[in-house]
Amino acid sequence: MLYETLKQSIIVIATIYFGVLGGVLYELKVLSAKPFKNKIINILFDAIFCVLLALLFLFSVNFTNYGEIRLYILASFFLGFAIERISIGTMLAKVFNFLYNIFSRLIKKIKLPKILSKKREKFNEGVNAKTIS
């Protein structure tokens with residue numbers, strides 16, 4: 001009994017860290033769902049995130065407390081998630097948005113000229129066909 005009491009502070013700290021990791025996972029979910037405007041795809045991303053967050057919580061409980069779910073473990077997990085959203089989450093959101101903008105510009109520069117050149121060729125073929133006939 002004494003060993004479990006002494007270990008509770010370590011369990012709380014470790015579970016807070018797992019909650020912060022869950023917050024980072026949430027940031028990645030927001031970033032990955034950003035390009036899609038379809039509600040069904042966003043619901044799918046939300047469902048996948050909920051499953052991954054539940055698996056992360058169960059892994060943290062299994063890792064820290066050998067599978068015993070206690071109320072303070074649940075509270076510390078959500079405390080870690082809230083800490084990440086309030087403090088680190090704003091910085092991560094800015095960094096992820098910056099990276100997203102860079103990659104989207106790169107993709108537009110790479111793909112857009114190829115697509116436009118194909119459309120121009122088709123357009124020119126159509127214009128040439130109309131002027132000949």
# chains A, B, ... in the order shown; residues from 1 in each chain; ligands from 1
>>> residues_around(residues="A:Val20", least_positions_apart="5", cutoff="8 Å", atoms="only C-alpha atoms", output="MDAnalysis selection string")
chainID A and resid 77 80:84
>>> write_last_selection(atoms="C-alpha atoms", output="mmCIF file, in the first residue's frame")
data_model
loop_
_atom_site.group_PDB
_atom_site.id
_atom_site.type_symbol
_atom_site.label_atom_id
_atom_site.label_comp_id
_atom_site.auth_asym_id
_atom_site.auth_seq_id
_atom_site.Cartn_x
_atom_site.Cartn_y
_atom_site.Cartn_z
ATOM 1 C CA PHE A 77 -4.672 13.312 -18.453
ATOM 2 C CA GLY A 80 -2.194 17.778 -19.469
ATOM 3 C CA PHE A 81 -4.415 18.163 -22.530
ATOM 4 C CA ALA A 82 -5.695 21.520 -21.242
ATOM 5 C CA ILE A 83 -2.176 22.703 -20.406
ATOM 6 C CA GLU A 84 -1.087 21.907 -23.945
#
>>> residues_around(residues="stretch 92-99 of chain A", least_positions_apart="3", cutoff="10 Å", atoms="only C-alpha atoms", output="list in words")
Gly23, Val24, Glu27, Leu28, Val30, Leu31, Lys34, Glu84, Arg85, Ser87, Ile88, Gly89, Ile102, Phe103, Ser104 and Arg105 of chain A
>>> write_last_selection(atoms="C-alpha atoms", output="mmCIF file, in the first residue's frame")
data_model
loop_
_atom_site.group_PDB
_atom_site.id
_atom_site.type_symbol
_atom_site.label_atom_id
_atom_site.label_comp_id
_atom_site.auth_asym_id
_atom_site.auth_seq_id
_atom_site.Cartn_x
_atom_site.Cartn_y
_atom_site.Cartn_z
ATOM 1 C CA GLY A 23 -2.905 17.779 -27.276
ATOM 2 C CA VAL A 24 -0.115 17.599 -29.859
ATOM 3 C CA GLU A 27 -2.968 19.838 -33.315
ATOM 4 C CA LEU A 28 -1.953 17.321 -35.964
ATOM 5 C CA VAL A 30 -6.570 20.022 -36.967
ATOM 6 C CA LEU A 31 -3.735 20.454 -39.454
ATOM 7 C CA LYS A 34 -7.612 21.780 -42.680
ATOM 8 C CA GLU A 84 -1.087 21.907 -23.945
ATOM 9 C CA ARG A 85 -4.066 23.697 -25.483
ATOM 10 C CA SER A 87 0.221 27.179 -23.408
ATOM 11 C CA ILE A 88 2.018 25.094 -26.005
ATOM 12 C CA GLY A 89 -0.985 24.747 -28.313
ATOM 13 C CA ILE A 102 5.004 26.756 -46.999
ATOM 14 C CA PHE A 103 4.098 23.254 -48.178
ATOM 15 C CA SER A 104 0.877 24.392 -49.854
ATOM 16 C CA ARG A 105 2.783 27.078 -51.769
#
>>> residues_around(residues="A:Gly67", least_positions_apart="6", cutoff="12 Å", atoms="only C-alpha atoms", output="PyMOL selection string")
chain A and resi 11+57-61+73
>>> write_last_selection(atoms="C-alpha atoms", output="mmCIF file, in the first residue's frame")
data_model
loop_
_atom_site.group_PDB
_atom_site.id
_atom_site.type_symbol
_atom_site.label_atom_id
_atom_site.label_comp_id
_atom_site.auth_asym_id
_atom_site.auth_seq_id
_atom_site.Cartn_x
_atom_site.Cartn_y
_atom_site.Cartn_z
ATOM 1 C CA ILE A 11 1.840 8.469 -12.123
ATOM 2 C CA PHE A 57 -5.142 7.196 -22.609
ATOM 3 C CA LEU A 58 -5.393 3.422 -22.230
ATOM 4 C CA PHE A 59 -1.693 3.086 -23.083
ATOM 5 C CA SER A 60 -0.815 5.713 -20.479
ATOM 6 C CA VAL A 61 -2.909 3.938 -17.842
ATOM 7 C CA ILE A 73 -5.408 9.596 -13.627
#
>>> atom_distance(atom1="atom CA of A:Lys29", atom2="atom CA of A:Ile41")
11.7 Å
>>> closest_residue(among="A:Leu106, A:Leu21, A:Ala47, A:Lys7", to="A:Tyr66", atoms="only C-alpha atoms")
A:Lys7
>>> residues_around(residues="A:Phe45", least_positions_apart="5", cutoff="10 Å", atoms="only C-alpha atoms", output="number ranges by chain")
A: 29-30, 32-33, 39-40, 50-51
>>> write_last_selection(atoms="C-alpha atoms", output="PDB file, in the first residue's frame")
ATOM      1  CA  LYS A  29      -5.619  16.390 -36.431  1.00  0.00           C
ATOM      2  CA  VAL A  30      -6.570  20.022 -36.967  1.00  0.00           C
ATOM      3  CA  SER A  32      -4.594  17.306 -41.393  1.00  0.00           C
ATOM      4  CA  ALA A  33      -8.298  18.195 -41.606  1.00  0.00           C
ATOM      5  CA  LYS A  39     -18.161  17.700 -43.288  1.00  0.00           C
ATOM      6  CA  ILE A  40     -18.081  13.925 -43.700  1.00  0.00           C
ATOM      7  CA  CYS A  50     -11.166  10.164 -30.604  1.00  0.00           C
ATOM      8  CA  VAL A  51     -10.071   6.555 -31.114  1.00  0.00           C
TER       9      VAL A  51
END
>>> closest_residue(among="A:Phe18, A:Tyr100, A:Phe63, A:Tyr26", to="A:Ala75", atoms="only C-alpha atoms")
A:Phe18
>>> closest_residue(among="A:Lys108, A:Met91, A:Leu25, A:Gln8", to="A:Leu55", atoms="only C-alpha atoms")
A:Leu25
>>> atom_distance(atom1="atom CA of A:Lys109", atom2="atom CA of A:Lys37")
21.9 Å
>>> closest_residue(among="A:Gly22, A:Leu74, A:Ile69, A:Leu79", to="A:Leu53", atoms="only C-alpha atoms")
A:Gly22
>>> decode(residues="stretch 15-64 of chain A", atoms="N, CA and C atoms", output="CSV table (one decimal), in the first residue's frame")
chain,number,residue,atom,x,y,z
A,15,THR,N,1.1,10.9,-16.5
A,15,THR,CA,-0.2,11.0,-17.2
A,15,THR,C,-0.4,12.4,-17.7
A,16,ILE,N,0.1,13.4,-17.0
A,16,ILE,CA,0.1,14.8,-17.6
A,16,ILE,C,0.9,14.9,-18.9
A,17,TYR,N,2.0,14.2,-18.9
A,17,TYR,CA,2.8,14.2,-20.1
A,17,TYR,C,2.1,13.5,-21.3
A,18,PHE,N,1.4,12.5,-21.0
A,18,PHE,CA,0.6,11.8,-22.0
A,18,PHE,C,-0.6,12.7,-22.5
A,19,GLY,N,-1.1,13.5,-21.6
A,19,GLY,CA,-2.2,14.4,-21.9
A,19,GLY,C,-1.6,15.5,-22.9
A,20,VAL,N,-0.4,16.0,-22.6
A,20,VAL,CA,0.2,16.9,-23.5
A,20,VAL,C,0.4,16.3,-24.9
A,21,LEU,N,0.9,15.1,-24.9
A,21,LEU,CA,1.0,14.3,-26.1
A,21,LEU,C,-0.3,14.2,-26.9
A,22,GLY,N,-1.4,14.0,-26.2
A,22,GLY,CA,-2.7,14.0,-26.8
A,22,GLY,C,-3.1,15.4,-27.4
A,23,GLY,N,-2.7,16.4,-26.7
A,23,GLY,CA,-2.9,17.8,-27.3
A,23,GLY,C,-2.1,18.0,-28.6
A,24,VAL,N,-0.9,17.5,-28.6
A,24,VAL,CA,-0.1,17.6,-29.9
A,24,VAL,C,-0.8,16.8,-31.0
A,25,LEU,N,-1.3,15.6,-30.6
A,25,LEU,CA,-2.1,14.8,-31.5
A,25,LEU,C,-3.3,15.6,-32.1
A,26,TYR,N,-3.9,16.3,-31.2
A,26,TYR,CA,-5.1,17.1,-31.6
A,26,TYR,C,-4.6,18.2,-32.6
A,27,GLU,N,-3.5,18.8,-32.4
A,27,GLU,CA,-3.0,19.8,-33.3
A,27,GLU,C,-2.7,19.2,-34.7
A,28,LEU,N,-2.2,18.0,-34.7
A,28,LEU,CA,-2.0,17.3,-36.0
A,28,LEU,C,-3.3,17.0,-36.7
A,29,LYS,N,-4.3,16.7,-35.9
A,29,LYS,CA,-5.6,16.4,-36.4
A,29,LYS,C,-6.2,17.6,-37.1
A,30,VAL,N,-6.1,18.8,-36.4
A,30,VAL,CA,-6.6,20.0,-37.0
A,30,VAL,C,-5.8,20.4,-38.3
A,31,LEU,N,-4.5,20.2,-38.3
A,31,LEU,CA,-3.7,20.5,-39.5
A,31,LEU,C,-4.1,19.5,-40.6
A,32,SER,N,-4.3,18.3,-40.3
A,32,SER,CA,-4.6,17.3,-41.4
A,32,SER,C,-6.0,17.5,-41.9
A,33,ALA,N,-6.9,18.0,-41.1
A,33,ALA,CA,-8.3,18.2,-41.6
A,33,ALA,C,-8.5,19.6,-42.2
A,34,LYS,N,-7.5,20.4,-42.2
A,34,LYS,CA,-7.6,21.8,-42.7
A,34,LYS,C,-7.9,21.9,-44.2
A,35,PRO,N,-7.2,21.1,-45.0
A,35,PRO,CA,-7.5,21.2,-46.5
A,35,PRO,C,-8.9,20.8,-46.9
A,36,PHE,N,-9.5,20.0,-46.1
A,36,PHE,CA,-10.8,19.4,-46.5
A,36,PHE,C,-12.0,20.2,-46.0
A,37,LYS,N,-12.9,20.6,-46.9
A,37,LYS,CA,-14.0,21.4,-46.5
A,37,LYS,C,-15.3,20.5,-46.3
A,38,ASN,N,-15.2,19.2,-46.6
A,38,ASN,CA,-16.3,18.3,-46.6
A,38,ASN,C,-16.6,17.9,-45.1
A,39,LYS,N,-17.8,18.0,-44.7
A,39,LYS,CA,-18.2,17.7,-43.3
A,39,LYS,C,-18.0,16.2,-43.0
A,40,ILE,N,-18.2,15.4,-43.9
A,40,ILE,CA,-18.1,13.9,-43.7
A,40,ILE,C,-16.6,13.6,-43.4
A,41,ILE,N,-15.7,14.2,-44.2
A,41,ILE,CA,-14.3,13.9,-44.0
A,41,ILE,C,-13.9,14.5,-42.6
A,42,ASN,N,-14.4,15.6,-42.2
A,42,ASN,CA,-14.0,16.2,-40.9
A,42,ASN,C,-14.6,15.3,-39.8
A,43,ILE,N,-15.8,14.8,-40.0
A,43,ILE,CA,-16.3,13.8,-39.0
A,43,ILE,C,-15.5,12.6,-38.9
A,44,LEU,N,-15.0,12.1,-40.0
A,44,LEU,CA,-14.1,10.9,-40.0
A,44,LEU,C,-12.8,11.2,-39.3
A,45,PHE,N,-12.2,12.4,-39.5
A,45,PHE,CA,-11.0,12.8,-38.8
A,45,PHE,C,-11.3,12.9,-37.3
A,46,ASP,N,-12.4,13.4,-36.9
A,46,ASP,CA,-12.8,13.5,-35.5
A,46,ASP,C,-12.9,12.2,-34.9
A,47,ALA,N,-13.5,11.2,-35.6
A,47,ALA,CA,-13.7,9.9,-35.1
A,47,ALA,C,-12.3,9.2,-34.9
A,48,ILE,N,-11.5,9.4,-35.9
A,48,ILE,CA,-10.1,8.8,-35.8
A,48,ILE,C,-9.4,9.4,-34.7
A,49,PHE,N,-9.5,10.7,-34.5
A,49,PHE,CA,-8.8,11.3,-33.4
A,49,PHE,C,-9.3,10.8,-32.0
A,50,CYS,N,-10.6,10.7,-31.9
A,50,CYS,CA,-11.2,10.2,-30.6
A,50,CYS,C,-10.7,8.8,-30.3
A,51,VAL,N,-10.6,7.9,-31.3
A,51,VAL,CA,-10.1,6.6,-31.1
A,51,VAL,C,-8.6,6.6,-30.7
A,52,LEU,N,-7.8,7.4,-31.4
A,52,LEU,CA,-6.4,7.5,-31.1
A,52,LEU,C,-6.2,8.1,-29.7
A,53,LEU,N,-7.0,9.1,-29.3
A,53,LEU,CA,-6.9,9.7,-28.0
A,53,LEU,C,-7.2,8.6,-26.9
A,54,ALA,N,-8.3,7.9,-27.1
A,54,ALA,CA,-8.7,6.8,-26.2
A,54,ALA,C,-7.6,5.8,-26.1
A,55,LEU,N,-7.0,5.4,-27.2
A,55,LEU,CA,-5.9,4.4,-27.2
A,55,LEU,C,-4.7,5.0,-26.4
A,56,LEU,N,-4.4,6.3,-26.6
A,56,LEU,CA,-3.3,6.9,-25.9
A,56,LEU,C,-3.6,6.9,-24.4
A,57,PHE,N,-4.8,7.2,-24.0
A,57,PHE,CA,-5.1,7.2,-22.6
A,57,PHE,C,-5.0,5.8,-22.0
A,58,LEU,N,-5.5,4.8,-22.7
A,58,LEU,CA,-5.4,3.4,-22.2
A,58,LEU,C,-3.9,3.0,-22.2
A,59,PHE,N,-3.1,3.4,-23.1
A,59,PHE,CA,-1.7,3.1,-23.1
A,59,PHE,C,-1.0,3.8,-21.9
A,60,SER,N,-1.4,5.0,-21.6
A,60,SER,CA,-0.8,5.7,-20.5
A,60,SER,C,-1.2,5.1,-19.2
A,61,VAL,N,-2.5,4.6,-19.1
A,61,VAL,CA,-2.9,3.9,-17.8
A,61,VAL,C,-2.2,2.6,-17.7
A,62,ASN,N,-2.0,1.9,-18.8
A,62,ASN,CA,-1.3,0.6,-18.7
A,62,ASN,C,0.1,0.8,-18.4
A,63,PHE,N,0.7,1.9,-19.0
A,63,PHE,CA,2.2,2.1,-18.8
A,63,PHE,C,2.5,2.6,-17.4
A,64,THR,N,1.6,3.5,-16.9
A,64,THR,CA,1.9,4.1,-15.6
A,64,THR,C,1.4,3.4,-14.4
